[in-house]
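Engineer: Sending over final-v9.cif (mmCIF, C-alpha atoms).
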data_upload
#
loop_
_atom_site.label_atom_id
_atom_site.label_comp_id
_atom_site.auth_asym_id
_atom_site.auth_seq_id
_atom_site.Cartn_x
_atom_site.Cartn_y
_atom_site.Cartn_z
CA MET M 872 -18.80 10.21 13.41
CA ASN M 873 -22.01 11.25 11.69
CA GLU M 874 -23.56 12.34 14.96
CA ASN M 875 -20.52 14.40 15.97
CA ILE M 876 -21.66 17.97 15.31
CA SER M 877 -18.20 19.40 15.98
CA PHE M 878 -16.87 17.57 12.91
CA TYR M 879 -19.55 19.16 10.71
CA ARG M 880 -18.81 22.59 12.17
CA PHE M 881 -15.11 22.04 11.51
CA MET M 882 -15.77 21.10 7.88
CA HIS M 883 -18.14 24.06 7.57
CA LYS M 884 -15.33 26.44 8.63
CA GLN M 885 -12.78 24.75 6.38
CA ILE M 886 -14.80 25.61 3.27
CA LEU M 887 -14.13 29.33 3.70
CA VAL M 888 -10.48 28.68 4.59
CA ALA M 889 -9.99 26.66 1.39
CA ILE M 890 -11.77 29.27 -0.74
CA ALA M 891 -9.67 32.11 0.72
CA LEU M 892 -6.40 30.25 0.20
CA PHE M 893 -7.16 29.15 -3.33
CA ILE M 894 -8.78 32.33 -4.62
CA GLY M 895 -6.03 34.37 -3.01
CA THR M 896 -3.22 32.53 -4.76
CA ALA M 897 -4.83 31.53 -8.07
CA PRO M 898 -4.44 34.91 -9.87
CA GLY M 899 -0.67 34.61 -9.54
CA TYR M 900 -0.82 31.78 -12.05
CA ILE M 901 -2.30 34.12 -14.67
CA LEU M 902 0.71 36.39 -14.15
CA MET M 903 3.08 33.43 -14.48
CA GLY M 904 1.26 32.36 -17.63
CA ALA M 905 1.58 35.85 -19.09
CA LEU M 906 5.30 35.87 -18.33
CA TYR M 907 5.88 32.45 -19.89
CA GLY M 908 3.47 32.69 -22.84
CA SER M 909 0.66 30.33 -21.80
CA ALA M 910 -1.92 32.62 -20.21
CA GLU M 911 -4.86 30.84 -21.87
CA VAL M 912 -4.39 27.66 -19.85
CA GLU M 913 -4.03 29.57 -16.59
CA THR M 914 -7.03 31.79 -17.32
CA ALA M 915 -9.21 28.75 -18.00
CA TRP M 916 -7.91 27.14 -14.82
CA VAL M 917 -8.74 30.26 -12.75
CA ILE M 918 -12.25 30.28 -14.21
CA PHE M 919 -12.69 26.67 -13.04
CA ILE M 920 -11.33 27.65 -9.61
CA ILE M 921 -13.92 30.44 -9.40
CA ILE M 922 -16.74 28.08 -10.41
CA VAL M 923 -15.71 25.51 -7.80
CA SER M 924 -15.36 28.31 -5.22
CA LEU M 925 -18.91 29.46 -5.90
CA TYR M 926 -20.10 25.87 -5.41
CA GLY M 927 -18.16 25.73 -2.13
CA TYR M 928 -19.70 28.99 -0.97
CA LYS M 929 -23.13 27.56 -1.74
CA LEU M 930 -22.26 24.55 0.42
CA TYR M 931 -21.14 26.91 3.17
CA LYS M 932 -24.47 28.74 3.06
CA ASP M 933 -26.47 25.48 2.90
CA PHE M 934 -25.12 24.16 6.21
CA SER M 935 -27.32 24.30 9.28
CA PRO M 936 -26.63 22.72 12.66
CA PHE M 937 -30.31 21.77 12.74
CA MET M 938 -30.06 19.39 9.78
CA THR M 939 -31.03 15.78 10.24
CA ILE M 940 -28.32 13.11 10.17
CA GLU M 941 -29.30 12.17 6.61
CA GLN M 942 -29.09 15.80 5.48
CA LYS M 943 -25.69 16.19 7.17
CA ASP M 944 -24.42 13.06 5.45
CA PHE M 945 -25.61 14.33 2.08
CA TRP M 946 -24.02 17.73 2.78
CA LEU M 947 -20.76 16.06 3.82
CA ASN M 948 -20.68 14.02 0.60
CA ARG M 949 -21.01 17.24 -1.38
CA VAL M 950 -18.22 18.84 0.70
CA GLN M 951 -16.01 15.83 -0.05
CA PHE M 952 -16.69 16.30 -3.78
CA PHE M 953 -15.91 20.02 -3.44
CA MET M 954 -12.56 19.35 -1.74
CA PHE M 955 -11.70 16.63 -4.25
CA ALA M 956 -12.49 18.95 -7.17
CA TYR M 957 -10.43 21.76 -5.63
CA PHE M 958 -7.36 19.67 -5.00
CA SER M 959 -7.69 18.02 -8.40
CA LEU M 960 -7.62 21.43 -10.07
CA TRP M 961 -4.49 22.33 -8.14
CA SER M 962 -2.89 19.03 -9.11
CA ILE M 963 -3.58 19.81 -12.76
CA ILE M 964 -1.91 23.22 -12.62
CA PHE M 965 1.09 21.76 -10.81
CA LEU M 966 1.43 19.18 -13.56
CA VAL M 967 1.32 21.96 -16.17
CA TYR M 968 4.34 23.60 -14.55
CA VAL M 969 6.35 20.45 -13.85
#
What does this structure look like when you write it as structure tokens?
Structural biologist:
Amino acid sequence: MNENISFYRFMHKQILVAIALFIGTAPGYILMGALYGSAEVETAWVIFIIIVSLYGYKLYKDFSPFMTIEQKDFWLNRVQFFMFAYFSLWSIIFLVYV
């Protein structure tokens, strides 16, 4: 799998997709927080989403198809951490509302 460049290109594209989906929907939680009286939690959560999004954008810019296999593996590990952090943040906000 590590030598399959199409997988790395796929993951490279998915970073922007994830950022667009999450940044596009995250501000709605500030509105929900304002309506239900807990805007501080949602605002802090959106700030974390923005920080993780900036890290993801940095990963997007760092990718090059000319990387060595070791560099691609290191990059992929960082992308896995990015995705884990993103989905963990969403899990936290879902738990807040459940």
Engineer: What does the structure give for the distance between CA of Leu906 (chain M) and CA of Leu925 (chain M), in Å to one decimal?
Structural biologist: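 Atom-to-atom, CA of Leu906 (chain M) and CA of Leu925 (chain M) are spaced 28.0 Å apart.
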Engineer: So that all listed atoms of region 913-921 of chain M fit with 8 Å spare on each side, what axis-aligned box centre and edge lengths in Å, to one decimal, would you give as JSON?
Structural biologist:
{"center_x": -9.0, "center_y": 29.2, "center_z": -13.7, "size_x": 25.9, "size_y": 21.1, "size_z": 24.6}
Engineer: Just to confirm, what's the straight-line distance from CA of Trp961 (chain M) to CA of Arg949 (chain M) in Å (one decimal)?
Structural biologist: 18.6 Å
Engineer: Can you translate the PyMOL selection byres ((chain M and resi 881-889) around 12) into the concrete residues it hits in this file, as a short mmCIF file (atom, residue, chain, number, x, y, z; two decimals) with C-alpha atoms, keeping the file's coordinate frame?
Structural biologist:
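Written output follows (out-v7.cif):
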data_model
loop_
_atom_site.label_atom_id
_atom_site.label_comp_id
_atom_site.auth_asym_id
_atom_site.auth_seq_id
_atom_site.Cartn_x
_atom_site.Cartn_y
_atom_site.Cartn_z
CA ASN M 875 -20.52 14.40 15.97
CA ILE M 876 -21.66 17.97 15.31
CA SER M 877 -18.20 19.40 15.98
CA PHE M 878 -16.87 17.57 12.91
CA TYR M 879 -19.55 19.16 10.71
CA ARG M 880 -18.81 22.59 12.17
CA ILE M 890 -11.77 29.27 -0.74
CA ALA M 891 -9.67 32.11 0.72
CA LEU M 892 -6.40 30.25 0.20
CA PHE M 893 -7.16 29.15 -3.33
CA ILE M 894 -8.78 32.33 -4.62
CA GLY M 895 -6.03 34.37 -3.01
CA THR M 896 -3.22 32.53 -4.76
CA ALA M 897 -4.83 31.53 -8.07
CA ILE M 920 -11.33 27.65 -9.61
CA VAL M 923 -15.71 25.51 -7.80
CA SER M 924 -15.36 28.31 -5.22
CA LEU M 925 -18.91 29.46 -5.90
CA TYR M 926 -20.10 25.87 -5.41
CA GLY M 927 -18.16 25.73 -2.13
CA TYR M 928 -19.70 28.99 -0.97
CA LYS M 929 -23.13 27.56 -1.74
CA LEU M 930 -22.26 24.55 0.42
CA TYR M 931 -21.14 26.91 3.17
CA LYS M 932 -24.47 28.74 3.06
CA ASP M 933 -26.47 25.48 2.90
CA PHE M 934 -25.12 24.16 6.21
CA SER M 935 -27.32 24.30 9.28
CA PRO M 936 -26.63 22.72 12.66
CA LYS M 943 -25.69 16.19 7.17
CA TRP M 946 -24.02 17.73 2.78
CA LEU M 947 -20.76 16.06 3.82
CA ASN M 948 -20.68 14.02 0.60
CA ARG M 949 -21.01 17.24 -1.38
CA VAL M 950 -18.22 18.84 0.70
CA GLN M 951 -16.01 15.83 -0.05
CA PHE M 952 -16.69 16.30 -3.78
CA PHE M 953 -15.91 20.02 -3.44
CA MET M 954 -12.56 19.35 -1.74
CA PHE M 955 -11.70 16.63 -4.25
CA ALA M 956 -12.49 18.95 -7.17
CA TYR M 957 -10.43 21.76 -5.63
CA PHE M 958 -7.36 19.67 -5.00
CA TRP M 961 -4.49 22.33 -8.14
#
Engineer: Just give me the gap between CA of Met903 (chain M) and CA of Ile964 (chain M) in Å, one decimal is fine.
Structural biologist: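 Between CA of Met903 (chain M) and CA of Ile964 (chain M) the gap works out to 11.5 Å.
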